[in-house]
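Containing PDB, C-alpha atoms, pLDDT in the B column: query-v6.pdb.
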```pdb
ATOM      1  CA  MET A  14     107.556  57.142 113.025  1.00 91.00           C
ATOM      2  CA  GLU A  15     105.711  56.933 109.706  1.00 96.00           C
ATOM      3  CA  VAL A  16     106.419  59.841 107.359  1.00 98.00           C
ATOM      4  CA  GLY A  17     104.746  60.551 104.046  1.00 98.00           C
ATOM      5  CA  LEU A  18     106.986  62.407 101.600  1.00 98.00           C
ATOM      6  CA  PHE A  19     105.408  64.983  99.303  1.00 97.00           C
ATOM      7  CA  ILE A  20     107.459  66.333  96.395  1.00 96.00           C
ATOM      8  CA  PRO A  21     106.118  69.521  94.756  1.00 93.00           C
ATOM      9  CA  CYS A  22     105.045  69.122  91.143  1.00 90.00           C
ATOM     10  CA  TYR A  23     107.541  71.692  89.806  1.00 86.00           C
ATOM     11  CA  MET A  24     110.357  69.931  91.675  1.00 91.00           C
ATOM     12  CA  ASP A  25     109.314  66.542  90.344  1.00 90.00           C
ATOM     13  CA  ALA A  26     109.442  67.940  86.801  1.00 90.00           C
ATOM     14  CA  LEU A  27     112.453  70.269  86.953  1.00 91.00           C
ATOM     15  CA  GLU A  28     114.651  69.439  89.959  1.00 93.00           C
ATOM     16  CA  PRO A  29     114.054  65.799  90.922  1.00 95.00           C
ATOM     17  CA  GLU A  30     117.537  65.661  92.456  1.00 96.00           C
ATOM     18  CA  VAL A  31     116.252  67.811  95.339  1.00 97.00           C
ATOM     19  CA  GLY A  32     113.501  65.294  96.048  1.00 96.00           C
ATOM     20  CA  ILE A  33     116.086  62.512  96.056  1.00 97.00           C
ATOM     21  CA  SER A  34     118.283  64.477  98.482  1.00 97.00           C
ATOM     22  CA  THR A  35     115.295  64.978 100.767  1.00 98.00           C
ATOM     23  CA  LEU A  36     114.436  61.284 100.807  1.00 97.00           C
ATOM     24  CA  LYS A  37     118.021  60.215 101.478  1.00 97.00           C
ATOM     25  CA  LEU A  38     118.401  62.817 104.222  1.00 98.00           C
ATOM     26  CA  LEU A  39     115.265  61.693 106.048  1.00 98.00           C
ATOM     27  CA  GLU A  40     116.299  58.055 105.795  1.00 97.00           C
ATOM     28  CA  ARG A  41     119.596  58.871 107.542  1.00 96.00           C
ATOM     29  CA  PHE A  42     117.557  59.355 110.728  1.00 96.00           C
ATOM     30  CA  ASP A  43     116.031  55.868 110.622  1.00 90.00           C
ATOM     31  CA  ILE A  44     112.609  57.154 109.643  1.00 94.00           C
ATOM     32  CA  ASN A  45     110.174  54.987 107.710  1.00 96.00           C
ATOM     33  CA  VAL A  46     109.521  57.213 104.695  1.00 98.00           C
ATOM     34  CA  THR A  47     106.843  56.457 102.109  1.00 98.00           C
ATOM     35  CA  TYR A  48     106.300  58.241  98.819  1.00 97.00           C
ATOM     36  CA  PRO A  49     102.686  57.824  97.614  1.00 96.00           C
ATOM     37  CA  PHE A  50     102.990  57.388  93.859  1.00 95.00           C
ATOM     38  CA  ASP A  51      99.634  58.890  92.883  1.00 94.00           C
ATOM     39  CA  GLN A  52     100.337  62.264  94.508  1.00 95.00           C
ATOM     40  CA  THR A  53      99.961  65.324  92.310  1.00 92.00           C
ATOM     41  CA  CYS A  54      99.821  69.017  93.261  1.00 90.00           C
ATOM     42  CA  CYS A  55      99.020  70.598  96.632  1.00 90.00           C
ATOM     43  CA  GLY A  56      96.616  73.018  94.941  1.00 87.00           C
ATOM     44  CA  GLN A  57      98.637  76.161  95.503  1.00 87.00           C
ATOM     45  CA  PRO A  58      98.527  77.418  91.867  1.00 82.00           C
ATOM     46  CA  MET A  59      94.720  77.460  91.940  1.00 86.00           C
ATOM     47  CA  THR A  60      94.547  79.136  95.344  1.00 84.00           C
ATOM     48  CA  ASN A  61      97.238  81.644  94.298  1.00 77.00           C
ATOM     49  CA  THR A  62      95.071  82.644  91.369  1.00 81.00           C
ATOM     50  CA  GLY A  63      91.906  82.972  93.465  1.00 84.00           C
ATOM     51  CA  CYS A  64      90.360  79.762  92.116  1.00 84.00           C
ATOM     52  CA  HIS A  65      89.700  78.280  95.560  1.00 85.00           C
ATOM     53  CA  THR A  66      86.785  76.055  94.580  1.00 89.00           C
ATOM     54  CA  GLU A  67      88.799  74.532  91.749  1.00 89.00           C
ATOM     55  CA  ALA A  68      91.406  73.338  94.271  1.00 90.00           C
ATOM     56  CA  ALA A  69      88.937  71.030  96.037  1.00 94.00           C
ATOM     57  CA  GLU A  70      89.652  67.818  94.130  1.00 94.00           C
ATOM     58  CA  THR A  71      93.401  68.323  94.469  1.00 94.00           C
ATOM     59  CA  GLU A  72      93.015  68.844  98.217  1.00 95.00           C
ATOM     60  CA  LYS A  73      90.877  65.704  98.516  1.00 96.00           C
ATOM     61  CA  LEU A  74      93.526  63.631  96.741  1.00 96.00           C
ATOM     62  CA  PHE A  75      96.249  65.033  98.956  1.00 97.00           C
ATOM     63  CA  VAL A  76      94.330  64.072 102.099  1.00 97.00           C
ATOM     64  CA  LYS A  77      93.594  60.610 100.689  1.00 97.00           C
ATOM     65  CA  ASN A  78      97.302  60.059 100.046  1.00 97.00           C
ATOM     66  CA  PHE A  79      98.649  61.348 103.331  1.00 98.00           C
ATOM     67  CA  SER A  80      96.081  61.024 106.119  1.00 97.00           C
ATOM     68  CA  GLN A  81      97.528  57.710 107.389  1.00 97.00           C
ATOM     69  CA  PHE A  82     100.974  59.130 108.223  1.00 98.00           C
ATOM     70  CA  ASP A  83     102.231  60.514 111.520  1.00 97.00           C
ATOM     71  CA  TYR A  84     103.885  63.379 109.666  1.00 98.00           C
ATOM     72  CA  ILE A  85     103.824  64.724 106.123  1.00 98.00           C
ATOM     73  CA  VAL A  86     107.162  66.259 105.115  1.00 98.00           C
ATOM     74  CA  MET A  87     107.963  68.250 101.992  1.00 97.00           C
ATOM     75  CA  PRO A  88     111.021  70.222 100.784  1.00 97.00           C
ATOM     76  CA  SER A  89     108.962  73.353 100.182  1.00 95.00           C
ATOM     77  CA  GLY A  90     107.842  76.062 102.558  1.00 93.00           C
ATOM     78  CA  SER A  91     105.283  77.422 100.115  1.00 92.00           C
ATOM     79  CA  CYS A  92     103.550  74.059  99.621  1.00 95.00           C
ATOM     80  CA  THR A  93     103.612  73.447 103.370  1.00 96.00           C
ATOM     81  CA  ASN A  94     102.005  76.821 103.975  1.00 94.00           C
ATOM     82  CA  GLN A  95      99.337  75.969 101.405  1.00 94.00           C
ATOM     83  CA  VAL A  96      98.388  72.728 103.148  1.00 96.00           C
ATOM     84  CA  ARG A  97      98.530  74.115 106.665  1.00 96.00           C
ATOM     85  CA  HIS A  98      96.817  77.450 106.133  1.00 95.00           C
ATOM     86  CA  HIS A  99      94.810  77.305 102.891  1.00 93.00           C
ATOM     87  CA  PHE A 100      93.235  73.849 102.631  1.00 93.00           C
ATOM     88  CA  ASP A 101      89.781  75.394 102.876  1.00 93.00           C
ATOM     89  CA  ALA A 102      88.006  74.164  99.740  1.00 93.00           C
ATOM     90  CA  ILE A 103      86.934  70.865 101.323  1.00 95.00           C
ATOM     91  CA  LYS A 104      84.974  69.855 104.407  1.00 95.00           C
ATOM     92  CA  GLN A 105      87.175  70.046 107.491  1.00 96.00           C
ATOM     93  CA  THR A 106      86.948  66.435 108.649  1.00 97.00           C
ATOM     94  CA  ASP A 107      89.196  64.846 111.267  1.00 97.00           C
ATOM     95  CA  GLU A 108      91.369  63.460 108.453  1.00 97.00           C
ATOM     96  CA  VAL A 109      91.755  66.904 106.901  1.00 97.00           C
ATOM     97  CA  GLN A 110      92.647  68.432 110.253  1.00 98.00           C
ATOM     98  CA  HIS A 111      95.180  65.681 110.901  1.00 98.00           C
ATOM     99  CA  VAL A 112      96.883  66.370 107.577  1.00 98.00           C
ATOM    100  CA  ARG A 113      96.881  70.135 108.090  1.00 97.00           C
ATOM    101  CA  ASN A 114      98.230  69.905 111.638  1.00 97.00           C
ATOM    102  CA  ASN A 115     100.962  67.401 110.857  1.00 98.00           C
ATOM    103  CA  THR A 116     102.407  68.773 107.621  1.00 98.00           C
ATOM    104  CA  TYR A 117     105.906  70.208 107.964  1.00 98.00           C
ATOM    105  CA  ASP A 118     108.458  71.504 105.558  1.00 97.00           C
ATOM    106  CA  LEU A 119     111.884  69.897 105.728  1.00 98.00           C
ATOM    107  CA  VAL A 120     113.507  72.706 107.729  1.00 98.00           C
ATOM    108  CA  GLU A 121     110.784  72.688 110.384  1.00 97.00           C
ATOM    109  CA  PHE A 122     110.825  68.909 110.636  1.00 98.00           C
ATOM    110  CA  LEU A 123     114.583  68.707 111.129  1.00 98.00           C
ATOM    111  CA  HIS A 124     114.764  71.724 113.443  1.00 98.00           C
ATOM    112  CA  ASP A 125     111.569  71.479 115.512  1.00 98.00           C
ATOM    113  CA  ILE A 126     110.540  67.807 115.443  1.00 97.00           C
ATOM    114  CA  LEU A 127     113.760  65.796 115.093  1.00 98.00           C
ATOM    115  CA  LYS A 128     115.892  68.547 116.684  1.00 98.00           C
ATOM    116  CA  VAL A 129     118.948  67.498 114.657  1.00 98.00           C
ATOM    117  CA  GLU A 130     122.235  68.624 116.213  1.00 95.00           C
ATOM    118  CA  ASP A 131     124.764  67.376 113.676  1.00 96.00           C
ATOM    119  CA  PHE A 132     125.233  66.522 109.996  1.00 98.00           C
ATOM    120  CA  PRO A 133     128.598  64.717 110.228  1.00 97.00           C
ATOM    121  CA  TRP A 134     128.490  63.540 106.609  1.00 97.00           C
ATOM    122  CA  ALA A 135     128.156  67.080 105.192  1.00 98.00           C
ATOM    123  CA  SER A 136     130.880  69.588 104.328  1.00 97.00           C
ATOM    124  CA  PHE A 137     130.452  72.778 102.315  1.00 98.00           C
ATOM    125  CA  SER A 138     133.411  75.197 102.225  1.00 97.00           C
ATOM    126  CA  HIS A 139     131.732  78.113 100.473  1.00 98.00           C
ATOM    127  CA  LYS A 140     130.372  81.586 101.176  1.00 98.00           C
ATOM    128  CA  VAL A 141     126.604  81.243 101.469  1.00 98.00           C
ATOM    129  CA  ALA A 142     123.688  83.657 101.455  1.00 98.00           C
ATOM    130  CA  ILE A 143     120.309  82.385 102.647  1.00 97.00           C
ATOM    131  CA  HIS A 144     117.107  83.174 100.775  1.00 96.00           C
ATOM    132  CA  TYR A 145     113.860  83.009 102.735  1.00 95.00           C
ATOM    133  CA  ASN A 146     110.763  82.182 100.724  1.00 93.00           C
ATOM    134  CA  CYS A 147     107.954  84.578 101.706  1.00 92.00           C
ATOM    135  CA  ASN A 148     105.528  81.785 102.639  1.00 91.00           C
ATOM    136  CA  ALA A 149     108.174  79.996 104.700  1.00 93.00           C
ATOM    137  CA  LEU A 150     109.272  83.208 106.393  1.00 94.00           C
ATOM    138  CA  ARG A 151     105.913  84.735 107.222  1.00 92.00           C
ATOM    139  CA  GLY A 152     103.628  81.711 107.105  1.00 93.00           C
ATOM    140  CA  LEU A 153     105.855  79.124 108.790  1.00 95.00           C
ATOM    141  CA  ARG A 154     108.145  81.480 110.731  1.00 95.00           C
ATOM    142  CA  HIS A 155     111.396  80.090 109.387  1.00 95.00           C
ATOM    143  CA  ALA A 156     113.158  83.225 110.572  1.00 95.00           C
ATOM    144  CA  SER A 157     112.639  86.648 112.123  1.00 94.00           C
ATOM    145  CA  MET A 158     111.047  89.377 110.026  1.00 91.00           C
ATOM    146  CA  SER A 159     112.492  92.881 109.803  1.00 88.00           C
ATOM    147  CA  GLU A 160     109.041  94.506 109.726  1.00 87.00           C
ATOM    148  CA  ARG A 161     108.283  93.072 113.177  1.00 90.00           C
ATOM    149  CA  ARG A 162     111.515  94.442 114.686  1.00 90.00           C
ATOM    150  CA  GLU A 163     111.967  91.199 116.604  1.00 91.00           C
ATOM    151  CA  PRO A 164     115.116  89.446 117.879  1.00 94.00           C
ATOM    152  CA  PHE A 165     116.958  87.602 115.132  1.00 93.00           C
ATOM    153  CA  PHE A 166     116.433  83.875 114.638  1.00 96.00           C
ATOM    154  CA  SER A 167     116.794  81.601 111.627  1.00 97.00           C
ATOM    155  CA  LYS A 168     115.993  77.908 111.510  1.00 98.00           C
ATOM    156  CA  PRO A 169     117.721  77.367 108.129  1.00 98.00           C
ATOM    157  CA  LYS A 170     120.855  79.100 109.424  1.00 98.00           C
ATOM    158  CA  ASP A 171     120.766  77.019 112.625  1.00 98.00           C
ATOM    159  CA  LEU A 172     120.752  73.845 110.546  1.00 98.00           C
ATOM    160  CA  LEU A 173     123.351  74.997 108.012  1.00 98.00           C
ATOM    161  CA  SER A 174     125.696  76.162 110.782  1.00 98.00           C
ATOM    162  CA  LYS A 175     126.081  72.485 111.711  1.00 98.00           C
ATOM    163  CA  VAL A 176     127.694  71.786 108.308  1.00 98.00           C
ATOM    164  CA  LYS A 177     131.505  71.841 108.300  1.00 97.00           C
ATOM    165  CA  GLY A 178     133.250  74.658 106.420  1.00 97.00           C
ATOM    166  CA  ILE A 179     130.243  76.851 105.642  1.00 97.00           C
ATOM    167  CA  GLU A 180     130.653  80.645 105.801  1.00 98.00           C
ATOM    168  CA  PHE A 181     127.629  82.946 105.900  1.00 98.00           C
ATOM    169  CA  VAL A 182     127.366  86.342 104.251  1.00 98.00           C
ATOM    170  CA  ASP A 183     124.624  88.876 104.928  1.00 95.00           C
ATOM    171  CA  LEU A 184     122.231  90.413 102.438  1.00 96.00           C
ATOM    172  CA  GLU A 185     121.186  94.065 102.645  1.00 94.00           C
ATOM    173  CA  ARG A 186     117.500  93.084 102.362  1.00 92.00           C
ATOM    174  CA  PRO A 187     117.370  89.441 103.508  1.00 91.00           C
ATOM    175  CA  ASP A 188     113.598  89.094 103.803  1.00 90.00           C
ATOM    176  CA  GLU A 189     112.557  90.935 100.647  1.00 91.00           C
ATOM    177  CA  CYS A 190     110.537  88.942  98.094  1.00 92.00           C
ATOM    178  CA  CYS A 191     112.429  87.752  95.003  1.00 91.00           C
ATOM    179  CA  GLY A 192     109.376  88.243  92.779  1.00 86.00           C
ATOM    180  CA  PHE A 193     108.561  84.641  91.915  1.00 86.00           C
ATOM    181  CA  GLY A 194     105.253  84.422  93.750  1.00 79.00           C
ATOM    182  CA  GLY A 195     103.879  81.445  91.801  1.00 74.00           C
ATOM    183  CA  THR A 196     101.313  82.678  89.290  1.00 77.00           C
ATOM    184  CA  PHE A 197     102.346  86.274  90.077  1.00 79.00           C
ATOM    185  CA  SER A 198     105.423  85.708  87.893  1.00 74.00           C
ATOM    186  CA  VAL A 199     103.119  84.802  85.004  1.00 74.00           C
ATOM    187  CA  PHE A 200     100.565  87.606  85.300  1.00 77.00           C
ATOM    188  CA  GLU A 201     103.051  90.310  86.366  1.00 82.00           C
ATOM    189  CA  GLU A 202     106.081  89.208  84.375  1.00 85.00           C
ATOM    190  CA  GLY A 203     107.838  92.582  84.246  1.00 89.00           C
ATOM    191  CA  VAL A 204     107.468  93.328  87.956  1.00 92.00           C
ATOM    192  CA  SER A 205     108.516  89.777  88.830  1.00 88.00           C
ATOM    193  CA  ALA A 206     111.644  89.991  86.676  1.00 90.00           C
ATOM    194  CA  LYS A 207     112.701  93.343  88.163  1.00 94.00           C
ATOM    195  CA  MET A 208     112.238  92.045  91.706  1.00 93.00           C
ATOM    196  CA  GLY A 209     114.326  88.998  90.815  1.00 92.00           C
ATOM    197  CA  GLN A 210     117.067  91.165  89.344  1.00 96.00           C
ATOM    198  CA  ASP A 211     117.155  93.309  92.490  1.00 96.00           C
ATOM    199  CA  LYS A 212     117.441  90.179  94.637  1.00 96.00           C
ATOM    200  CA  VAL A 213     120.272  88.775  92.505  1.00 96.00           C
ATOM    201  CA  MET A 214     122.243  92.032  92.717  1.00 97.00           C
ATOM    202  CA  ASP A 215     121.866  92.044  96.512  1.00 97.00           C
ATOM    203  CA  GLN A 216     123.201  88.489  96.584  1.00 97.00           C
ATOM    204  CA  HIS A 217     126.062  89.391  94.236  1.00 97.00           C
ATOM    205  CA  ARG A 218     127.107  92.415  96.341  1.00 97.00           C
ATOM    206  CA  SER A 219     127.226  90.210  99.453  1.00 97.00           C
ATOM    207  CA  GLY A 220     130.125  88.172  98.028  1.00 97.00           C
ATOM    208  CA  ALA A 221     128.161  84.922  98.160  1.00 97.00           C
ATOM    209  CA  GLU A 222     129.248  81.978  96.056  1.00 98.00           C
ATOM    210  CA  TYR A 223     126.027  80.063  96.696  1.00 98.00           C
ATOM    211  CA  VAL A 224     122.480  81.065  97.546  1.00 98.00           C
ATOM    212  CA  ILE A 225     120.714  78.439  99.649  1.00 98.00           C
ATOM    213  CA  SER A 226     116.974  78.199 100.226  1.00 96.00           C
ATOM    214  CA  ALA A 227     114.330  75.754 101.379  1.00 95.00           C
ATOM    215  CA  ASP A 228     112.295  76.477  98.239  1.00 93.00           C
ATOM    216  CA  SER A 229     113.383  75.480  94.744  1.00 92.00           C
ATOM    217  CA  SER A 230     110.695  77.653  93.163  1.00 90.00           C
ATOM    218  CA  CYS A 231     112.375  80.888  94.303  1.00 93.00           C
ATOM    219  CA  LEU A 232     115.793  79.493  93.424  1.00 94.00           C
ATOM    220  CA  MET A 233     114.719  78.645  89.874  1.00 92.00           C
ATOM    221  CA  HIS A 234     113.440  82.193  89.400  1.00 93.00           C
ATOM    222  CA  GLN A 235     116.618  83.757  90.802  1.00 95.00           C
ATOM    223  CA  LYS A 236     118.873  81.411  88.837  1.00 95.00           C
ATOM    224  CA  GLY A 237     117.111  82.393  85.624  1.00 94.00           C
ATOM    225  CA  CYS A 238     117.548  86.082  86.437  1.00 95.00           C
ATOM    226  CA  ALA A 239     121.233  85.593  87.298  1.00 96.00           C
ATOM    227  CA  MET A 240     121.923  83.699  84.068  1.00 96.00           C
ATOM    228  CA  ARG A 241     120.282  86.403  81.950  1.00 95.00           C
ATOM    229  CA  MET A 242     122.182  89.113  83.821  1.00 96.00           C
ATOM    230  CA  GLY A 243     125.517  87.323  83.492  1.00 96.00           C
ATOM    231  CA  VAL A 244     125.991  87.167  87.271  1.00 96.00           C
ATOM    232  CA  ASP A 245     128.159  84.297  88.502  1.00 95.00           C
ATOM    233  CA  LEU A 246     126.114  82.815  91.360  1.00 97.00           C
ATOM    234  CA  LYS A 247     125.173  79.242  92.173  1.00 97.00           C
ATOM    235  CA  TYR A 248     121.873  78.184  93.715  1.00 97.00           C
ATOM    236  CA  ALA A 249     121.097  75.084  95.781  1.00 97.00           C
ATOM    237  CA  HIS A 250     118.332  73.675  97.956  1.00 97.00           C
ATOM    238  CA  ILE A 251     119.115  73.223 101.630  1.00 98.00           C
ATOM    239  CA  ALA A 252     118.410  69.468 101.369  1.00 98.00           C
ATOM    240  CA  GLN A 253     121.350  69.088  98.983  1.00 98.00           C
ATOM    241  CA  ILE A 254     123.705  70.761 101.468  1.00 98.00           C
ATOM    242  CA  LEU A 255     122.473  68.962 104.591  1.00 98.00           C
ATOM    243  CA  ASN A 256     122.629  65.581 102.863  1.00 98.00           C
ATOM    244  CA  GLY A 257     126.201  66.219 101.682  1.00 97.00           C
ATOM    245  CA  ASP A 258     125.360  66.016  97.976  1.00 97.00           C
ATOM    246  CA  LEU A 259     127.259  69.225  97.209  1.00 94.00           C
ATOM    247  CA  SER A 260     130.674  70.128  98.547  1.00 85.00           C
TER
END
```

Before anything else, please render the file you have as structure tokens.
Amino acid sequence: MEVGLFIPCYMDALEPEVGISTLKLLERFDINVTYPFDQTCCGQPMTNTGCHTEAAETEKLFVKNFSQFDYIVMPSGSCTNQVRHHFDAIKQTDEVQHVRNNTYDLVEFLHDILKVEDFPWASFSHKVAIHYNCNALRGLRHASMSERREPFFSKPKDLLSKVKGIEFVDLERPDECCGFGGTFSVFEEGVSAKMGQDKVMDQHRSGAEYVISADSSCLMHQKGCAMRMGVDLKYAHIAQILNGDLS
């Protein structure tokens, strides 16, 4: 199995340790992982802002970098959703369709493709709340959505439950947006900050020690809100937990 690893641009700049955890975790399963060094952005910031045409060159580069792989894996539900559902600025060639159809975020890849049943190297004896990024939840179906009144399921929780010592706590509003929203947090700063504060207080009331998510972008926003509010919460990407980098 040949896997191309994509690391989101914000993660590369601000949380490279999550990218390293992702690479090491994938390599534990004897996968041939390649990181194309001339990768840049997936184009989501342009599409988020309505600048679809401007995303074309970024999309072309992404396809050029990753079309030769069996799977493209990335530790980001929002970037995965962008590639799978919004790569529309370029001609839909066979290569483009291959990339769109075979791009998975880390949670999906471990849960649906590899069907991992155990993480024997990982232990995490803490109370954990799970945050679901909106794109991962509603675009990739990481978990059930309250507005659909459907039976509960959670792929991140399924994976984390295989880690020794972990204890889950429930949020009052588990699938409510935290307010990051990419460029939304820039153009609607006040609304974004208030939504983040509401999310942090929900997490704090739950008794969680850590908040775990498959998206560092949301976690960075929530961590910033928590720090400014003086709330003692820790935030970590699911790759760090599953790879045993935090304990």

In terms of all atoms listed in the file, the residue from A:Ser136, A:Ser167, A:Ser91, A:Ser80 at minimal distance from Gln253 (chain A) is A:Ser136

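Here the PyMOL selection byres ((chain A and resi 39) around 10) catches exactly these residues: A:Val16, A:Leu18, A:Ser34, A:Thr35, A:Leu36, A:Lys37, A:Leu38, A:Glu40, A:Arg41, A:Phe42, A:Asp43, A:Ile44, A:Asn45, A:Val46, A:Val86, A:Leu119, A:Phe122, A:Leu123, A:Ala252, A:Asn256.
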
List, as a PDB file with C-alpha atoms, in the frame of the given file, every residue that the PyMOL selection byres ((chain A and resi 107-114) around 8) selects in the file provided.
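Listing of out.pdb after writing:
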```
ATOM      1  CA  VAL A  76      94.330  64.072 102.099  1.00 97.00           C
ATOM      2  CA  PHE A  79      98.649  61.348 103.331  1.00 98.00           C
ATOM      3  CA  SER A  80      96.081  61.024 106.119  1.00 97.00           C
ATOM      4  CA  TYR A  84     103.885  63.379 109.666  1.00 98.00           C
ATOM      5  CA  ILE A  85     103.824  64.724 106.123  1.00 98.00           C
ATOM      6  CA  VAL A  96      98.388  72.728 103.148  1.00 96.00           C
ATOM      7  CA  ARG A  97      98.530  74.115 106.665  1.00 96.00           C
ATOM      8  CA  HIS A  98      96.817  77.450 106.133  1.00 95.00           C
ATOM      9  CA  PHE A 100      93.235  73.849 102.631  1.00 93.00           C
ATOM     10  CA  LYS A 104      84.974  69.855 104.407  1.00 95.00           C
ATOM     11  CA  GLN A 105      87.175  70.046 107.491  1.00 96.00           C
ATOM     12  CA  THR A 106      86.948  66.435 108.649  1.00 97.00           C
ATOM     13  CA  ASN A 115     100.962  67.401 110.857  1.00 98.00           C
ATOM     14  CA  THR A 116     102.407  68.773 107.621  1.00 98.00           C
TER      15      THR A 116
END
```

Could you list as a PyMOL selection string every residue that has an atom within 8 Å of (123.7, 81.7, 100.6), using the file's coordinates and counting all atoms listed in the file? chain A and resi 140-144+181-182+216+221-226+248

What does the file look like for those residues with C-alpha atoms, as a JSON list (two decimals), keeping the file's coordinate frame?
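Saved result, again.json, follows:
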```json
[["chain", "number", "residue", "atom", "x", "y", "z"],
["A", 140, "LYS", "CA", 130.37, 81.59, 101.18],
["A", 141, "VAL", "CA", 126.60, 81.24, 101.47],
["A", 142, "ALA", "CA", 123.69, 83.66, 101.46],
["A", 143, "ILE", "CA", 120.31, 82.38, 102.65],
["A", 144, "HIS", "CA", 117.11, 83.17, 100.78],
["A", 181, "PHE", "CA", 127.63, 82.95, 105.90],
["A", 182, "VAL", "CA", 127.37, 86.34, 104.25],
["A", 216, "GLN", "CA", 123.20, 88.49, 96.58],
["A", 221, "ALA", "CA", 128.16, 84.92, 98.16],
["A", 222, "GLU", "CA", 129.25, 81.98, 96.06],
["A", 223, "TYR", "CA", 126.03, 80.06, 96.70],
["A", 224, "VAL", "CA", 122.48, 81.06, 97.55],
["A", 225, "ILE", "CA", 120.71, 78.44, 99.65],
["A", 226, "SER", "CA", 116.97, 78.20, 100.23],
["A", 248, "TYR", "CA", 121.87, 78.18, 93.72]]
```

When the PyMOL selection byres ((chain A and resi 88) around 9) is applied to the file above, which residues end up in the set, as a ChimeraX atom specification? /A:18-21,31-32,35,86-87,89-90,92-93,117-120,227-229,250-252

Tell me, as a ChimeraX atom specification, which residues lie within 9 Å of Ser159 (chain A), counting all atoms listed in the file; anything in the same chain fewer than 5 positions away does not count. /A:165,186-188

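Our summary of the geometry notes that CA of Phe200 (chain A) is positioned 21.2 Å from CA of His99 (chain A).
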
Counting only C-alpha atoms, the residue of A:Arg151, A:Lys128, A:His234, A:His65 that sits nearest Ala102 (chain A):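 For Ala102 (chain A), the nearest of the candidates is A:His65.
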
In Å to one decimal, how far is CA of Val213 (chain A) from CA of Gly237 (chain A)? 9.9 Å

Who sits within 8 Å of Ser138 (chain A), all atoms listed in the file, same chain under 6 positions skipped, as a PyMOL selection string: chain A and resi 177-180+260

Figure out the distance between CA of Asp25 (chain A) and CA of Val244 (chain A), please, to one decimal in Å. 26.7 Å
